[in-house]
>>> print(open('entry.txt').read())   # compact mmCIF, C-alpha atoms and all ligand atoms
# COMPACT_ATOMS: atom_id res chain seq x y z
CA MET A 62 114.31 128.30 124.00
CA ASP A 63 111.86 125.74 122.62
CA ILE A 64 111.36 125.38 118.93
CA GLY A 65 107.79 126.44 118.02
CA ALA A 66 105.28 126.04 115.22
CA ASP A 67 106.44 129.34 113.67
CA ASP A 68 109.77 127.71 112.87
CA PHE A 69 108.04 125.51 110.28
CA ALA A 70 106.62 127.97 107.77
CA GLU A 71 108.53 126.04 105.07
CA LEU A 72 106.58 122.86 105.75
CA SER A 73 103.51 123.44 103.56
CA PRO A 74 105.56 124.65 100.56
CA LEU A 75 107.78 121.58 100.92
CA LEU A 76 104.75 119.27 100.98
CA GLU A 77 103.38 121.08 97.96
CA GLU A 78 106.63 120.47 96.09
CA LEU A 79 106.65 116.80 97.09
CA ALA A 80 103.06 116.40 95.87
CA GLY A 81 104.31 117.46 92.45
CA PHE A 82 106.17 114.15 92.20
CA SER A 83 103.26 112.06 91.08
CA GLU A 84 102.18 109.99 88.12
CA SER A 85 100.57 112.48 85.81
CA GLY A 86 96.87 112.83 85.40
CA GLY A 87 95.72 112.71 89.02
CA PRO A 88 93.50 112.73 90.94
CA GLY A 89 95.62 113.07 94.05
CA VAL A 90 99.17 111.82 94.40
CA THR A 91 100.32 108.47 92.99
CA ARG A 92 103.92 107.60 93.79
CA LEU A 93 104.46 103.88 93.60
CA LEU A 94 107.67 102.11 94.58
CA TYR A 95 110.57 102.44 92.09
CA THR A 96 108.60 104.44 89.52
CA LYS A 97 109.95 107.64 87.99
CA ALA A 98 107.80 109.84 90.25
CA TRP A 99 109.11 107.92 93.27
CA LEU A 100 112.75 108.23 92.19
CA ASP A 101 112.40 111.93 91.42
CA ALA A 102 110.90 112.51 94.88
CA GLN A 103 113.75 110.63 96.60
CA MET A 104 116.35 112.60 94.59
CA PHE A 105 114.62 115.87 95.42
CA LEU A 106 114.65 115.00 99.12
CA ALA A 107 118.31 113.95 98.97
CA GLU A 108 119.17 117.35 97.54
CA ARG A 109 117.12 119.10 100.17
CA MET A 110 118.85 117.10 102.93
CA ARG A 111 122.24 118.05 101.49
CA SER A 112 121.31 121.71 101.39
CA CYS A 113 120.42 121.48 105.10
CA GLY A 114 123.94 120.25 105.81
CA LEU A 115 123.04 116.60 106.42
CA GLU A 116 125.15 113.66 105.24
CA VAL A 117 123.05 111.85 102.67
CA ARG A 118 123.01 108.19 101.72
CA PHE A 119 120.75 105.61 100.11
CA ASP A 120 120.76 102.00 101.22
CA ARG A 121 120.47 98.99 98.94
CA VAL A 122 116.69 98.96 98.64
CA GLY A 123 116.39 102.74 98.20
CA ASN A 124 115.69 104.01 101.71
CA LEU A 125 117.11 107.53 101.94
CA TYR A 126 118.82 108.88 105.07
CA GLY A 127 119.99 112.36 106.08
CA ARG A 128 122.35 112.31 109.05
CA LEU A 129 123.53 114.88 111.56
CA ALA A 130 126.52 113.33 113.34
CA GLY A 131 126.64 113.35 117.14
CA SER A 132 129.53 114.04 119.50
CA MET A 133 129.39 110.84 121.58
CA PRO A 134 131.44 108.05 120.00
CA GLY A 135 129.41 104.89 119.35
CA ALA A 136 126.09 106.39 120.51
CA SER A 137 122.97 104.87 118.95
CA VAL A 138 120.99 106.85 116.39
CA VAL A 139 117.82 108.83 117.05
CA LEU A 140 115.76 108.32 113.91
CA THR A 141 112.66 110.05 112.58
CA GLY A 142 110.83 109.91 109.24
CA SER A 143 108.18 107.97 107.34
CA HIS A 144 107.50 106.58 103.87
CA ILE A 145 107.68 108.30 100.48
CA ASP A 146 105.39 105.93 98.54
CA THR A 147 101.64 106.51 98.32
CA VAL A 148 98.54 104.52 97.54
CA ARG A 149 97.07 105.04 94.05
CA ALA A 150 95.33 108.43 93.95
CA GLY A 151 96.31 109.15 97.55
CA GLY A 152 96.78 112.37 99.45
CA ARG A 153 99.80 114.59 99.90
CA PHE A 154 100.31 114.04 103.63
CA ASP A 155 100.33 110.28 104.30
CA GLY A 156 104.01 109.46 104.71
CA ALA A 157 105.35 112.65 103.11
CA TYR A 158 104.42 114.71 106.17
CA GLY A 159 106.61 112.66 108.52
CA ILE A 160 109.58 112.97 106.18
CA ALA A 161 109.20 116.68 105.43
CA ALA A 162 108.58 117.60 109.07
CA GLY A 163 111.43 115.33 110.21
CA LEU A 164 113.84 116.91 107.76
CA LEU A 165 112.92 120.46 108.77
CA ALA A 166 113.00 119.50 112.46
CA VAL A 167 116.53 118.09 112.21
CA ALA A 168 117.65 121.11 110.17
CA ARG A 169 116.19 123.49 112.75
CA LEU A 170 117.78 121.61 115.65
CA LYS A 171 121.13 121.87 113.89
CA GLU A 172 120.70 125.62 113.43
CA VAL A 173 119.61 126.31 116.98
CA TYR A 174 121.56 123.77 119.06
CA GLY A 175 124.40 122.65 116.79
CA THR A 176 125.92 119.19 117.10
CA PRO A 177 123.78 116.69 119.04
CA VAL A 178 125.20 114.19 121.53
CA ARG A 179 123.66 111.26 119.65
CA PRO A 180 123.44 111.12 115.87
CA LEU A 181 120.13 112.35 114.50
CA GLU A 182 118.82 110.94 111.26
CA VAL A 183 115.77 111.47 109.09
CA VAL A 184 114.66 108.63 106.84
CA SER A 185 112.50 108.51 103.75
CA PHE A 186 111.49 104.85 103.67
CA CYS A 187 111.10 103.55 100.15
CA GLU A 188 107.81 101.68 100.61
CA GLU A 189 105.11 101.12 103.20
CA GLU A 190 101.71 100.90 101.50
CA GLY A 191 101.76 97.65 99.52
CA SER A 192 100.21 99.48 96.54
CA ARG A 193 102.39 98.30 93.68
CA PHE A 194 103.70 94.89 94.72
CA PRO A 195 101.94 92.37 96.98
CA LEU A 196 104.11 93.16 99.98
CA ALA A 197 104.12 96.08 102.40
CA TYR A 198 106.74 97.78 104.63
CA TRP A 199 109.47 96.95 102.12
CA GLY A 200 111.51 99.95 103.36
CA SER A 201 111.38 99.59 107.13
CA GLY A 202 111.12 95.80 106.76
CA ASN A 203 114.55 95.64 105.14
CA VAL A 204 115.95 97.81 107.94
CA SER A 205 114.50 95.64 110.71
CA GLY A 206 115.24 92.26 109.12
CA MET A 207 111.55 91.45 108.53
CA TYR A 208 112.64 91.20 104.88
CA ALA A 209 115.92 90.48 103.21
CA GLU A 210 116.55 92.08 99.85
CA ARG A 211 116.26 88.68 98.14
CA ASP A 212 112.59 88.45 99.30
CA GLY A 213 111.89 90.69 96.32
CA SER A 214 112.39 87.78 93.96
CA GLY A 215 109.25 86.12 92.65
CA ILE A 216 107.12 89.17 93.50
CA PHE A 217 105.40 90.84 90.56
CA ASP A 218 103.28 93.94 90.06
CA HIS A 219 100.10 93.89 88.02
CA GLU A 220 101.99 94.51 84.82
CA GLY A 221 104.18 91.47 85.43
CA ILE A 222 107.28 93.50 86.33
CA SER A 223 109.26 91.86 89.10
CA LEU A 224 110.26 93.75 92.22
CA GLU A 225 113.90 92.90 91.53
CA GLU A 226 113.71 94.28 88.01
CA ALA A 227 111.95 97.47 89.17
CA MET A 228 114.55 97.93 91.94
CA ARG A 229 117.47 97.54 89.50
CA GLU A 230 115.80 99.85 87.00
CA ALA A 231 115.60 102.53 89.71
CA GLY A 232 119.31 102.05 90.44
CA PHE A 233 119.11 99.90 93.59
CA GLY A 234 119.69 96.30 94.61
CA LEU A 235 123.43 96.44 93.86
CA SER A 236 125.83 94.59 96.14
CA SER A 237 128.06 97.67 96.14
CA GLN A 238 125.32 99.61 97.93
CA PRO A 239 125.14 99.59 101.76
CA ASP A 240 123.14 96.76 103.31
CA SER A 241 119.71 97.99 104.48
CA ARG A 242 119.71 96.08 107.77
CA ARG A 243 120.58 98.20 110.81
CA SER A 244 121.35 97.51 114.44
CA ASP A 245 122.51 100.99 115.49
CA ILE A 246 119.13 102.69 115.99
CA GLY A 247 118.36 103.69 119.59
CA ALA A 248 114.91 105.22 119.06
CA PHE A 249 112.43 105.88 116.24
CA VAL A 250 109.75 108.57 116.34
CA GLU A 251 107.31 108.83 113.40
CA LEU A 252 105.07 111.84 112.87
CA HIS A 253 101.96 111.15 110.76
CA ILE A 254 98.50 112.45 110.07
CA GLU A 255 95.87 110.55 112.08
CA GLN A 256 93.85 109.35 109.06
CA GLY A 257 90.84 109.10 111.39
CA VAL A 258 88.43 111.38 113.27
CA VAL A 259 89.40 110.88 116.91
CA LEU A 260 91.55 113.98 117.43
CA GLU A 261 89.19 116.27 115.52
CA ARG A 262 86.11 115.00 117.40
CA MET A 263 87.86 115.23 120.77
CA GLY A 264 89.32 118.65 120.02
CA ARG A 265 92.87 117.46 120.78
CA ARG A 266 95.89 118.55 118.79
CA ILE A 267 98.35 115.67 119.19
CA GLY A 268 97.73 111.92 119.21
CA LEU A 269 100.14 109.76 121.21
CA VAL A 270 99.98 106.33 119.63
CA GLU A 271 100.07 103.47 122.12
CA SER A 272 99.35 100.57 119.78
CA ILE A 273 98.96 99.73 116.09
CA VAL A 274 96.49 97.16 114.78
CA GLY A 275 97.45 93.78 113.36
CA GLN A 276 96.77 93.11 109.67
CA ARG A 277 96.27 90.28 107.23
CA ARG A 278 96.35 90.77 103.48
CA TYR A 279 95.54 88.12 100.90
CA SER A 280 95.27 87.89 97.13
CA LEU A 281 92.50 85.55 96.00
CA THR A 282 92.16 84.21 92.47
CA LEU A 283 88.91 82.54 91.50
CA SER A 284 88.90 80.61 88.24
CA GLY A 285 85.83 79.43 86.36
CA LYS A 286 85.04 79.21 82.68
CA PRO A 287 84.84 82.17 80.29
CA ASN A 288 81.92 81.75 77.94
CA HIS A 289 79.32 83.55 75.86
CA ALA A 290 76.97 85.76 77.91
CA GLY A 291 74.09 85.19 75.51
CA THR A 292 74.25 81.48 74.82
CA THR A 293 75.28 79.98 78.17
CA PRO A 294 72.25 79.09 80.33
CA MET A 295 72.49 80.13 83.96
CA LYS A 296 72.77 76.57 85.20
CA MET A 297 75.74 75.86 82.93
CA ARG A 298 77.89 78.69 84.14
CA ARG A 299 81.05 78.73 86.21
CA ASP A 300 81.08 82.49 86.75
CA ALA A 301 84.15 83.68 88.65
CA LEU A 302 82.79 87.19 89.10
CA ALA A 303 79.53 86.06 90.68
CA GLY A 304 81.60 83.85 93.00
CA ALA A 305 83.78 86.79 93.95
CA ALA A 306 80.68 88.88 94.68
CA GLU A 307 79.37 86.19 97.01
CA ILE A 308 82.69 86.03 98.87
CA MET A 309 82.73 89.81 99.24
CA LEU A 310 79.25 89.93 100.71
CA GLU A 311 80.13 87.06 103.04
CA LEU A 312 83.19 89.00 104.19
CA GLU A 313 81.15 92.14 104.79
CA GLU A 314 78.47 90.33 106.71
CA ARG A 315 80.98 88.56 108.93
CA ALA A 316 82.78 91.86 109.59
CA TRP A 317 79.53 93.58 110.58
CA HIS A 318 78.77 90.68 112.85
CA ALA A 319 82.24 90.75 114.46
CA GLY A 320 81.88 94.51 115.13
CA ASP A 321 84.51 97.10 116.10
CA PRO A 322 87.46 97.15 115.96
CA LEU A 323 87.45 94.44 113.28
CA VAL A 324 87.48 95.93 109.78
CA ALA A 325 87.64 94.06 106.47
CA THR A 326 87.99 95.40 102.94
CA VAL A 327 88.17 94.26 99.33
CA GLY A 328 90.00 97.20 97.77
CA ARG A 329 91.12 95.77 94.48
CA ILE A 330 89.44 93.58 91.90
CA GLU A 331 90.34 92.55 88.37
CA ALA A 332 88.07 90.49 86.20
CA THR A 333 89.22 88.66 83.08
CA PRO A 334 88.40 89.20 80.28
CA ASN A 335 86.37 92.11 81.74
CA THR A 336 84.00 92.40 78.85
CA PRO A 337 80.21 92.99 79.02
CA ASN A 338 79.21 89.97 76.94
CA VAL A 339 81.63 87.40 78.36
CA ILE A 340 81.20 85.45 81.60
CA ALA A 341 84.31 86.19 83.69
CA GLY A 342 86.73 83.27 83.62
CA GLU A 343 89.03 84.61 86.28
CA VAL A 344 88.78 87.18 89.06
CA ARG A 345 91.61 88.36 91.24
CA PHE A 346 90.89 90.43 94.33
CA THR A 347 92.46 91.35 97.66
CA LEU A 348 91.35 91.03 101.28
CA ASP A 349 92.60 93.46 103.95
CA ILE A 350 91.57 92.49 107.50
CA ARG A 351 92.52 94.32 110.73
CA HIS A 352 91.99 93.94 114.46
CA ASP A 353 93.84 94.96 117.60
CA ASP A 354 93.68 91.42 118.99
CA GLU A 355 95.85 88.83 117.28
CA LEU A 356 93.67 85.83 118.22
CA GLU A 357 90.48 87.48 117.00
CA LEU A 358 92.23 88.57 113.83
CA GLU A 359 93.49 85.09 113.07
CA ARG A 360 90.17 83.43 113.91
CA PHE A 361 88.21 85.83 111.73
CA SER A 362 90.64 85.55 108.82
CA GLN A 363 90.67 81.77 108.82
CA GLY A 364 86.86 81.76 109.03
CA VAL A 365 86.63 83.98 105.95
CA LEU A 366 89.10 81.87 104.02
CA ASP A 367 87.20 78.67 104.88
CA ALA A 368 83.92 80.27 103.80
CA SER A 369 85.57 81.43 100.56
CA ARG A 370 86.74 77.88 99.81
CA PHE A 371 83.23 76.60 100.45
CA ILE A 372 81.67 79.21 98.14
CA ALA A 373 84.20 78.43 95.41
CA GLU A 374 83.56 74.72 95.65
CA SER A 375 79.79 75.07 95.58
CA ARG A 376 80.12 77.08 92.35
CA GLN A 377 82.67 74.72 90.79
CA LEU A 378 85.31 77.38 90.83
CA THR A 379 88.91 76.88 91.81
CA LEU A 380 90.32 79.20 94.42
CA ASP A 381 93.93 80.13 94.94
CA ILE A 382 94.75 82.02 98.13
CA ARG A 383 98.00 83.85 98.59
CA SER A 384 98.79 85.37 101.98
CA TRP A 385 101.20 88.28 101.65
CA LEU A 386 101.00 90.24 104.85
CA GLN A 387 100.61 89.05 108.41
CA THR A 388 101.43 91.53 111.13
CA ALA A 389 100.48 91.20 114.77
CA PRO A 390 99.24 94.19 116.78
CA VAL A 391 102.22 96.15 118.12
CA GLN A 392 102.63 98.24 121.27
CA MET A 393 104.63 101.44 121.10
CA ASP A 394 107.39 102.00 123.67
CA SER A 395 105.77 103.30 126.87
CA GLN A 396 108.81 105.35 127.96
CA LEU A 397 108.96 107.06 124.62
CA VAL A 398 105.20 107.75 124.70
CA LYS A 399 105.75 109.44 128.08
CA VAL A 400 108.48 111.61 126.60
CA LEU A 401 106.17 112.67 123.77
CA GLN A 402 103.35 113.37 126.21
CA GLY A 403 105.65 115.44 128.43
CA VAL A 404 106.92 117.49 125.51
CA SER A 405 103.38 118.21 124.24
CA ALA A 406 102.23 119.21 127.73
CA GLY A 407 105.32 121.36 128.19
CA MET A 408 104.44 123.23 125.01
CA GLY A 409 100.83 123.71 126.21
CA ILE A 410 99.48 121.48 123.44
CA THR A 411 96.58 119.12 124.14
CA SER A 412 97.16 115.45 123.45
CA ARG A 413 95.42 112.12 123.71
CA ARG A 414 96.66 108.55 123.88
CA MET A 415 95.15 106.42 121.14
CA ALA A 416 95.40 103.34 118.96
CA SER A 417 96.18 103.39 115.24
CA GLY A 418 93.96 101.50 112.80
CA ALA A 419 96.41 102.23 109.99
CA GLY A 420 99.68 100.41 109.62
CA HIS A 421 102.92 102.37 109.98
CA ASP A 422 106.67 101.94 109.68
CA ALA A 423 106.91 102.49 113.45
CA GLN A 424 105.35 99.06 114.04
CA VAL A 425 108.17 97.48 112.05
CA LEU A 426 110.94 99.52 113.68
CA ALA A 427 109.44 98.55 117.06
CA GLY A 428 110.98 95.13 116.43
CA ILE A 429 114.49 96.54 116.70
CA CYS A 430 114.31 99.69 118.85
CA PRO A 431 111.98 101.68 121.12
CA SER A 432 109.49 103.30 118.75
CA ALA A 433 106.61 105.74 119.05
CA MET A 434 104.32 107.89 116.94
CA LEU A 435 102.74 111.32 117.01
CA PHE A 436 99.53 112.09 115.12
CA VAL A 437 98.02 115.39 114.05
CA GLN A 438 94.39 115.86 113.02
CA SER A 439 93.07 114.79 109.63
CA ARG A 440 90.12 116.84 108.39
CA ASP A 441 86.97 114.68 108.57
CA GLY A 442 89.24 111.68 109.10
CA ILE A 443 89.70 111.29 105.35
CA SER A 444 92.85 109.61 104.08
CA HIS A 445 94.11 107.39 101.25
CA SER A 446 92.19 109.87 99.13
CA PRO A 447 92.94 113.06 97.20
CA GLU A 448 90.69 114.76 99.81
CA GLU A 449 93.20 114.13 102.61
CA TYR A 450 93.86 117.43 104.39
CA THR A 451 95.42 118.86 107.54
CA MET A 452 95.60 122.58 108.28
CA PRO A 453 99.07 124.15 108.01
CA GLU A 454 98.97 125.29 111.65
CA HIS A 455 98.38 121.71 112.79
CA LEU A 456 101.13 120.43 110.54
CA GLN A 457 103.55 123.02 111.91
CA GLU A 458 102.58 122.32 115.51
CA GLY A 459 103.21 118.60 115.01
CA ALA A 460 106.62 119.37 113.55
CA ALA A 461 107.47 121.55 116.55
CA VAL A 462 106.47 118.79 119.00
CA LEU A 463 108.57 116.34 117.02
CA ALA A 464 111.58 118.69 117.04
CA ASN A 465 111.40 119.15 120.79
CA CYS A 466 111.11 115.39 121.30
CA LEU A 467 114.14 114.79 119.11
CA ARG A 468 115.98 117.42 121.05
CA GLN A 469 115.27 115.62 124.29
CA LEU A 470 116.36 112.29 122.85
CA ALA A 471 119.46 113.39 120.94
CA TYR A 472 120.81 116.35 122.90
CA GLY A 473 120.05 115.21 126.47
C1 LIG A 501 98.76 101.81 105.18
O1 LIG A 501 98.59 103.02 105.11
C2 LIG A 501 97.71 101.05 105.72
O2 LIG A 501 97.51 101.07 106.92
O3 LIG A 501 97.00 100.47 104.90
MN MN A 502 98.88 104.98 103.91
MN MN A 503 101.42 106.30 106.06
MN MN A 504 100.20 103.37 106.40
>>> encode(input="entry.txt", output="structure tokens", more="lines below")
Ligand code: GLV
Ligand code: MN
Ligand code: MN
Ligand code: MN
Amino acid sequence: MDIGADDFAELSPLLEELAGFSESGGPGVTRLLYTKAWLDAQMFLAERMRSCGLEVRFDRVGNLYGRLAGSMPGASVVLTGSHIDTVRAGGRFDGAYGIAAGLLAVARLKEVYGTPVRPLEVVSFCEEEGSRFPLAYWGSGNVSGMYAERDGSGIFDHEGISLEEAMREAGFGLSSQPDSRRSDIGAFVELHIEQGVVLERMGRRIGLVESIVGQRRYSLTLSGKPNHAGTTPMKMRRDALAGAAEIMLELEERAWHAGDPLVATVGRIEATPNTPNVIAGEVRFTLDIRHDDELELERFSQGVLDASRFIAESRQLTLDIRSWLQTAPVQMDSQLVKVLQGVSAGMGITSRRMASGAGHDAQVLAGICPSAMLFVQSRDGISHSPEEYTMPEHLQEGAAVLANCLRQLAYG
């Protein structure tokens, strides 16, 4: 008997409950690393895992695991899950879906098939988005060894709170807590919403991710001279905001010229003192650049940084560039993709192989174990937005495909 979509009627109510753990005020869901909303969500999930009969533990950086022990001594773990953090004013599915569906899938497998051969675990990674601190994949990165816990030192959020301090405040980072690094994972499967339009346009239900784009993220700080907006002639200005605007347009033009699949974004900007009648003395903003080809990505990024330096110099501004994320494009495990494809086909569900333009924990786990991803449709391809939406029947179908994949991997 295969597990089917009907087994996951609890999924939408669970996602609804999770969406309630958010900084108040909306719009959408805001659950940044180590904040109260984040901690409450992790504690809620821990309780839910316990009530499903899973062994629950947190690691040192706050990744949460629910484990169903297997019968084979020393067998490697079959892991599923995703990240609990969100972008600011994000949706209720990005990350949360993979955790909620993974938890219900493991619980259902336990009910129907009992003890697996290999241990089955669901993880709620503490951080993936890079929305609070200038670093991303803090959860899976500590598991894979991409980060060590001490890499949190010297990293500050926009209120000047250090990552270390925030971690301690949330109750993590203690030497008595289990080390986050793992070497016992045999396979990782992440279920996620597509966050794009491919599946919807093609009329397919499941996306089988073959590769994930490479990324670069930078924080740029331009410094000029704050001065009176009324008394400073144009030719005497060192306007950091005008300089930032020129860099942004240069970035956009270069990205248009490079064409698909290169994408480049300035998503965050802060001007100081940010006052109508004062020329901005300092502007901080971010660059997010992505491509599926590492060489092209590097060439484009260096070109943009050189052009930014040139623009700054020509305006007598100083420019500080901080690089805080560099990931190469990653291939998913081809054997695992075949398993996912076979399971979808066996359930009579249409699928399509595709690339992911969004970053995911699976690309980090791919460094230590065979990893793969399943996507379900996102309405109108909208994500990182309160408008993010996937129909309950699609969510449930994805969970059923995941459960049957986990069954093959852990019970076979
Ligand atoms: C994370 O969601 C990213 O791809 O930006
Ligand atoms: Mn995201
Ligand atoms: Mn995500
Ligand atoms: Mn992501």
>>> atom_distance(input="entry.txt", atom1="atom CA of A:Gly473", atom2="atom CA of A:Pro177")
8.4 Å
>>> residues_near_ligand(input="entry.txt", ligand="ligand MN 503 (chain A)", cutoff="12 Å", atoms="only C-alpha atoms and all ligand atoms", output="PyMOL selection string")
chain A and resi 142-148+151-160+185-192+197-198+251-256+417-424+434+436+444-445+449
>>> atom_distance(input="entry.txt", atom1="atom CA of A:Ala373", atom2="atom O2 of ligand LIG 501 (chain A)")
28.7 Å
>>> closest_residue(input="entry.txt", among="A:Gly275, A:Gly409, A:Gly320, A:Gly459", to="ligand LIG 501 (chain A)", atoms="only C-alpha atoms and all ligand atoms")
A:Gly275
>>> atom_distance(input="entry.txt", atom1="atom CA of A:Met207", atom2="atom CA of A:Val122")
13.4 Å
>>> residues_near_point(input="entry.txt", point="(122.4, 115.4, 112.1)", cutoff="6 Å", atoms="all atoms listed in the file", output="PyMOL selection string")
chain A and resi 115+128-130+180-182
>>> closest_residue(input="entry.txt", among="A:Ala316, A:Val138, A:Leu170, A:Val90", to="A:Asp63", atoms="all atoms listed in the file")
A:Leu170
>>> residues_around(input="entry.txt", residues="stretch 380-387 of chain A", least_positions_apart="3", cutoff="9 Å", atoms="only C-alpha atoms", output="list in words")
Pro195, Leu196, Ala197, Gly275, Gln276, Arg277, Arg278, Tyr279, Ser280, Leu281, Thr282, Leu283, Ser284, Leu366, Ser369, Arg370, Ala373 and Glu374 of chain A
>>> closest_residue(input="entry.txt", among="A:Leu397, A:Ile350, A:Ala461, A:Val365", to="ligand LIG 501 (chain A)", atoms="only C-alpha atoms and all ligand atoms")
A:Ile350
>>> residues_around(input="entry.txt", residues="A:Gly81", least_positions_apart="3", cutoff="9 Å", atoms="all atoms listed in the file", output="MDAnalysis selection string")
chainID A and resid 76:78 84 90 98 102
>>> decode(input="entry.txt", residues="stretch 238-258 of chain A", atoms="N, CA and C atoms", output="PDB file, in the first residue's frame")
ATOM      1  N   GLN A 238      26.160  21.477  24.399  1.00  0.00           N
ATOM      2  CA  GLN A 238      25.193  21.020  23.387  1.00  0.00           C
ATOM      3  C   GLN A 238      25.914  20.225  22.291  1.00  0.00           C
ATOM      4  N   PRO A 239      25.202  19.280  21.654  1.00  0.00           N
ATOM      5  CA  PRO A 239      25.877  18.430  20.655  1.00  0.00           C
ATOM      6  C   PRO A 239      26.408  19.243  19.470  1.00  0.00           C
ATOM      7  N   ASP A 240      27.629  18.909  19.071  1.00  0.00           N
ATOM      8  CA  ASP A 240      28.272  19.512  17.905  1.00  0.00           C
ATOM      9  C   ASP A 240      27.329  19.390  16.694  1.00  0.00           C
ATOM     10  N   SER A 241      27.292  20.426  15.863  1.00  0.00           N
ATOM     11  CA  SER A 241      26.367  20.409  14.714  1.00  0.00           C
ATOM     12  C   SER A 241      26.866  19.562  13.553  1.00  0.00           C
ATOM     13  N   ARG A 242      28.171  19.426  13.463  1.00  0.00           N
ATOM     14  CA  ARG A 242      28.785  18.710  12.324  1.00  0.00           C
ATOM     15  C   ARG A 242      28.359  17.246  12.328  1.00  0.00           C
ATOM     16  N   ARG A 243      28.012  16.730  11.129  1.00  0.00           N
ATOM     17  CA  ARG A 243      27.603  15.318  11.058  1.00  0.00           C
ATOM     18  C   ARG A 243      28.310  14.593   9.928  1.00  0.00           C
ATOM     19  N   SER A 244      28.543  13.289  10.156  1.00  0.00           N
ATOM     20  CA  SER A 244      29.154  12.488   9.093  1.00  0.00           C
ATOM     21  C   SER A 244      28.386  11.174   8.941  1.00  0.00           C
ATOM     22  N   ASP A 245      27.171  11.134   9.514  1.00  0.00           N
ATOM     23  CA  ASP A 245      26.405   9.876   9.516  1.00  0.00           C
ATOM     24  C   ASP A 245      25.183   9.945   8.603  1.00  0.00           C
ATOM     25  N   ILE A 246      25.136  10.938   7.705  1.00  0.00           N
ATOM     26  CA  ILE A 246      23.951  11.075   6.847  1.00  0.00           C
ATOM     27  C   ILE A 246      24.203  10.366   5.520  1.00  0.00           C
ATOM     28  N   GLY A 247      23.300   9.468   5.149  1.00  0.00           N
ATOM     29  CA  GLY A 247      23.468   8.681   3.921  1.00  0.00           C
ATOM     30  C   GLY A 247      22.755   9.285   2.729  1.00  0.00           C
ATOM     31  N   ALA A 248      21.709  10.070   2.990  1.00  0.00           N
ATOM     32  CA  ALA A 248      20.954  10.706   1.897  1.00  0.00           C
ATOM     33  C   ALA A 248      20.117  11.837   2.466  1.00  0.00           C
ATOM     34  N   PHE A 249      19.957  12.912   1.661  1.00  0.00           N
ATOM     35  CA  PHE A 249      19.101  14.035   2.058  1.00  0.00           C
ATOM     36  C   PHE A 249      18.134  14.335   0.921  1.00  0.00           C
ATOM     37  N   VAL A 250      16.859  14.386   1.256  1.00  0.00           N
ATOM     38  CA  VAL A 250      15.836  14.758   0.262  1.00  0.00           C
ATOM     39  C   VAL A 250      15.057  15.952   0.810  1.00  0.00           C
ATOM     40  N   GLU A 251      15.060  17.055   0.063  1.00  0.00           N
ATOM     41  CA  GLU A 251      14.359  18.271   0.504  1.00  0.00           C
ATOM     42  C   GLU A 251      13.166  18.522  -0.404  1.00  0.00           C
ATOM     43  N   LEU A 252      12.023  18.711   0.212  1.00  0.00           N
ATOM     44  CA  LEU A 252      10.797  19.061  -0.518  1.00  0.00           C
ATOM     45  C   LEU A 252      10.584  20.564  -0.350  1.00  0.00           C
ATOM     46  N   HIS A 253      10.244  21.257  -1.451  1.00  0.00           N
ATOM     47  CA  HIS A 253      10.173  22.723  -1.406  1.00  0.00           C
ATOM     48  C   HIS A 253       9.171  23.175  -2.461  1.00  0.00           C
ATOM     49  N   ILE A 254       8.627  24.359  -2.273  1.00  0.00           N
ATOM     50  CA  ILE A 254       7.842  24.951  -3.357  1.00  0.00           C
ATOM     51  C   ILE A 254       8.814  25.418  -4.441  1.00  0.00           C
ATOM     52  N   GLU A 255       8.343  25.446  -5.686  1.00  0.00           N
ATOM     53  CA  GLU A 255       9.265  25.788  -6.789  1.00  0.00           C
ATOM     54  C   GLU A 255       9.772  27.223  -6.716  1.00  0.00           C
ATOM     55  N   GLN A 256       8.921  28.148  -6.351  1.00  0.00           N
ATOM     56  CA  GLN A 256       9.262  29.583  -6.315  1.00  0.00           C
ATOM     57  C   GLN A 256       9.489  30.140  -7.715  1.00  0.00           C
ATOM     58  N   GLY A 257       8.976  29.457  -8.719  1.00  0.00           N
ATOM     59  CA  GLY A 257       9.088  29.892 -10.112  1.00  0.00           C
ATOM     60  C   GLY A 257       7.872  29.384 -10.870  1.00  0.00           C
ATOM     61  N   VAL A 258       7.835  29.615 -12.182  1.00  0.00           N
ATOM     62  CA  VAL A 258       6.618  29.318 -12.951  1.00  0.00           C
ATOM     63  C   VAL A 258       6.698  28.075 -13.820  1.00  0.00           C
TER      64      VAL A 258
END
